[in-house]
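> Before I ask anything, let me first share the structure, which is written out below as structure tokens.
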Amino acid sequence: MAQPEHRIEDIIALFNQCFLQPYNTRLVKGGDEPIYLPAGPGQPNHELHFAHGFYRSALHETAHWLIAGAARRQQVDFGYWYEPDGRSAEQQMIFEQVEVKPQALEWILSVAAGIRFQVSVDNLNGDATDSTPFKQAVYQQVLTLIQQGLSTRAQALRLSLCHFYGQTEQLTPEQYDPLSI
């Protein structure tokens, strides 16, 4: 069976169909760095910019938006801390702690879109660390999300992706292999 094409225009359209009207938020193909910009003077919509027009970046940034609560969605980049590539081992450990939930949700969205998920430690120029515990934490968070159920927003986008890409609506632990990431 042929894999569906994953075009940037499609993920933008699916996100905007789900969230532009009810949340005044649109997904935007961005430049070098992703950023979330709340609505303000001269900008009528909240904008979620993903990096370089990469489909996986769109899914990752969307996962951050889906996790952020209403108050966080009123702040630039949701008010989160971010230390760029080149982190020390200590900084990397903090980065991985805050990235577990978004990467787990990104994995769920990736399966819904029918694309392979790969965990990202996002630290090519930093101290070398063992990513095994991080990968295991992401996998465990996926299992927790499946057991607890997704938020209304996350479920809406997941189902939209499933329908568009012809994936099953069923969400089960068997769909996730911790050795594949």
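Labeling convention for the structure tokens: chains A, B, ... as they appear, residues from 1 per chain, ligands from 1 in order of appearance.
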DSSP on the backbone, alpha helix (DSSP H) only: what residues of chain A does that give? Format it as an MDAnalysis selection string.

chainID A and resid 8:23 55:67 89:113 132:148 152:165

> Sort by chain and increasing residue number a table of all residues of region 36-137 of chain A within 6 Å of region 151-164 of chain A, each with its closest pair of atoms and their distance in Å to one decimal, counting only C-alpha atoms, and write it as a Markdown table.


| residue | atom | partner | partner_atom | distance |
| --- | --- | --- | --- | --- |
| A:Leu66 | CA | A:Ala154 | CA | 5.9 |
| A:Leu109 | CA | A:Arg158 | CA | 5.7 |
| A:Ala112 | CA | A:Cys162 | CA | 4.8 |
| A:Ala113 | CA | A:Leu161 | CA | 5.2 |

> Store the residues of this selection in a file with N, CA and C atoms, as a PDB file, in the first residue's frame.


ATOM      1  N   LEU A  66      -1.261  22.149  21.801  1.00  0.00           N
ATOM      2  CA  LEU A  66      -2.337  21.330  22.354  1.00  0.00           C
ATOM      3  C   LEU A  66      -2.189  21.121  23.858  1.00  0.00           C
ATOM      4  N   LEU A 109       0.182  11.938  17.232  1.00  0.00           N
ATOM      5  CA  LEU A 109      -0.244  12.639  16.010  1.00  0.00           C
ATOM      6  C   LEU A 109       0.451  12.060  14.775  1.00  0.00           C
ATOM      7  N   ALA A 112      -1.323   9.008  13.748  1.00  0.00           N
ATOM      8  CA  ALA A 112      -2.589   9.398  13.121  1.00  0.00           C
ATOM      9  C   ALA A 112      -2.383   9.879  11.690  1.00  0.00           C
ATOM     10  N   ALA A 113      -1.223  10.467  11.432  1.00  0.00           N
ATOM     11  CA  ALA A 113      -0.910  10.945  10.083  1.00  0.00           C
ATOM     12  C   ALA A 113      -0.216   9.874   9.234  1.00  0.00           C
TER      13      ALA A 113
END

> So that I can see what lies close to region 12-28 of chain A, please list as a VMD selection string the residues with an atom at most 6 Å from it, counting only C-alpha atoms and leaving out residues fewer than 4 positions away in the same chain.

chain A and resid 45 to 49

> What does the distance between CA of Gln147 (chain A) and CA of Gln170 (chain A) come to in Å, to one decimal place?

12.6 Å

> By how many Å are CA of Ala58 (chain A) and CA of Gln91 (chain A) apart?

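Going from CA of Ala58 (chain A) over to CA of Gln91 (chain A), I get 24.4 Å.
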
> Kindly indicate which residue among A:Thr168, A:Ser88, A:Gln75, A:Thr62 lies nearest to Gln103 (chain A), using only C-alpha atoms for the distances.

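Between A:Thr168, A:Ser88, A:Gln75, A:Thr62, the residue approaching Gln103 (chain A) most closely is A:Thr62.
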
> Please compute the CA of Val142 (chain A)-CA of Val100 (chain A) distance, one decimal, in Å.

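Calculated distance between CA of Val142 (chain A) and CA of Val100 (chain A) is 9.2 Å.
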
> Which neighbours of Leu143 (chain A) fall inside 12 Å, counting only C-alpha atoms, when residues of the same chain fewer than 5 positions from it are skipped, and could you give them as a list in words?

Lys101, Ala104, Leu105, Trp107, Ile108, Gln136, Ala137, Val138, Gln148, Gly149, Leu150, Leu171, Thr172, Pro173, Glu174, Gln175, Tyr176, Asp177 and Pro178 of chain A

> Take the residues from that selection and write them out as a PDB file, in the first residue's frame, keeping C-alpha atoms.


ATOM      1  CA  LYS A 101       4.664  15.305  27.056  1.00  0.00           C
ATOM      2  CA  ALA A 104       4.545  11.772  23.344  1.00  0.00           C
ATOM      3  CA  LEU A 105       1.648  13.716  21.855  1.00  0.00           C
ATOM      4  CA  TRP A 107       4.115  10.532  18.417  1.00  0.00           C
ATOM      5  CA  ILE A 108       0.358  10.015  18.720  1.00  0.00           C
ATOM      6  CA  GLN A 136      11.438   5.341  27.617  1.00  0.00           C
ATOM      7  CA  ALA A 137       9.804   8.342  29.329  1.00  0.00           C
ATOM      8  CA  VAL A 138       8.204   9.416  26.026  1.00  0.00           C
ATOM      9  CA  GLN A 148      -6.288   8.732  30.425  1.00  0.00           C
ATOM     10  CA  GLY A 149      -7.598   9.862  27.049  1.00  0.00           C
ATOM     11  CA  LEU A 150      -6.584  12.883  25.025  1.00  0.00           C
ATOM     12  CA  LEU A 171      -5.872   4.411  19.793  1.00  0.00           C
ATOM     13  CA  THR A 172      -4.135   1.429  21.400  1.00  0.00           C
ATOM     14  CA  PRO A 173      -0.766   0.724  23.032  1.00  0.00           C
ATOM     15  CA  GLU A 174      -0.006  -1.843  20.310  1.00  0.00           C
ATOM     16  CA  GLN A 175       0.392   0.995  17.798  1.00  0.00           C
ATOM     17  CA  TYR A 176       3.530   2.186  19.634  1.00  0.00           C
ATOM     18  CA  ASP A 177       6.826   0.326  19.695  1.00  0.00           C
ATOM     19  CA  PRO A 178       9.400   1.799  22.080  1.00  0.00           C
TER      20      PRO A 178
END

> Could you pull out the strand (DSSP E) residues of region 7-169 of chain A, going by DSSP on the backbone, and write them as a list in words?

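Listing strand (DSSP E) positions across region 7-169 of chain A yields Thr25, Arg26, Leu27, Val28, Lys29, Ile35, Tyr36, Leu37, His46, Glu47, Leu48, His49 and Phe50 of chain A.
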
> For a quick check of understanding, using only C-alpha atoms, which of A:Glu9, A:Glu106, A:Glu99, A:Asp77 has the smallest distance to Ala63 (chain A)?

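Of A:Glu9, A:Glu106, A:Glu99, A:Asp77, the one nearest Ala63 (chain A) is A:Glu106, counting only C-alpha atoms.
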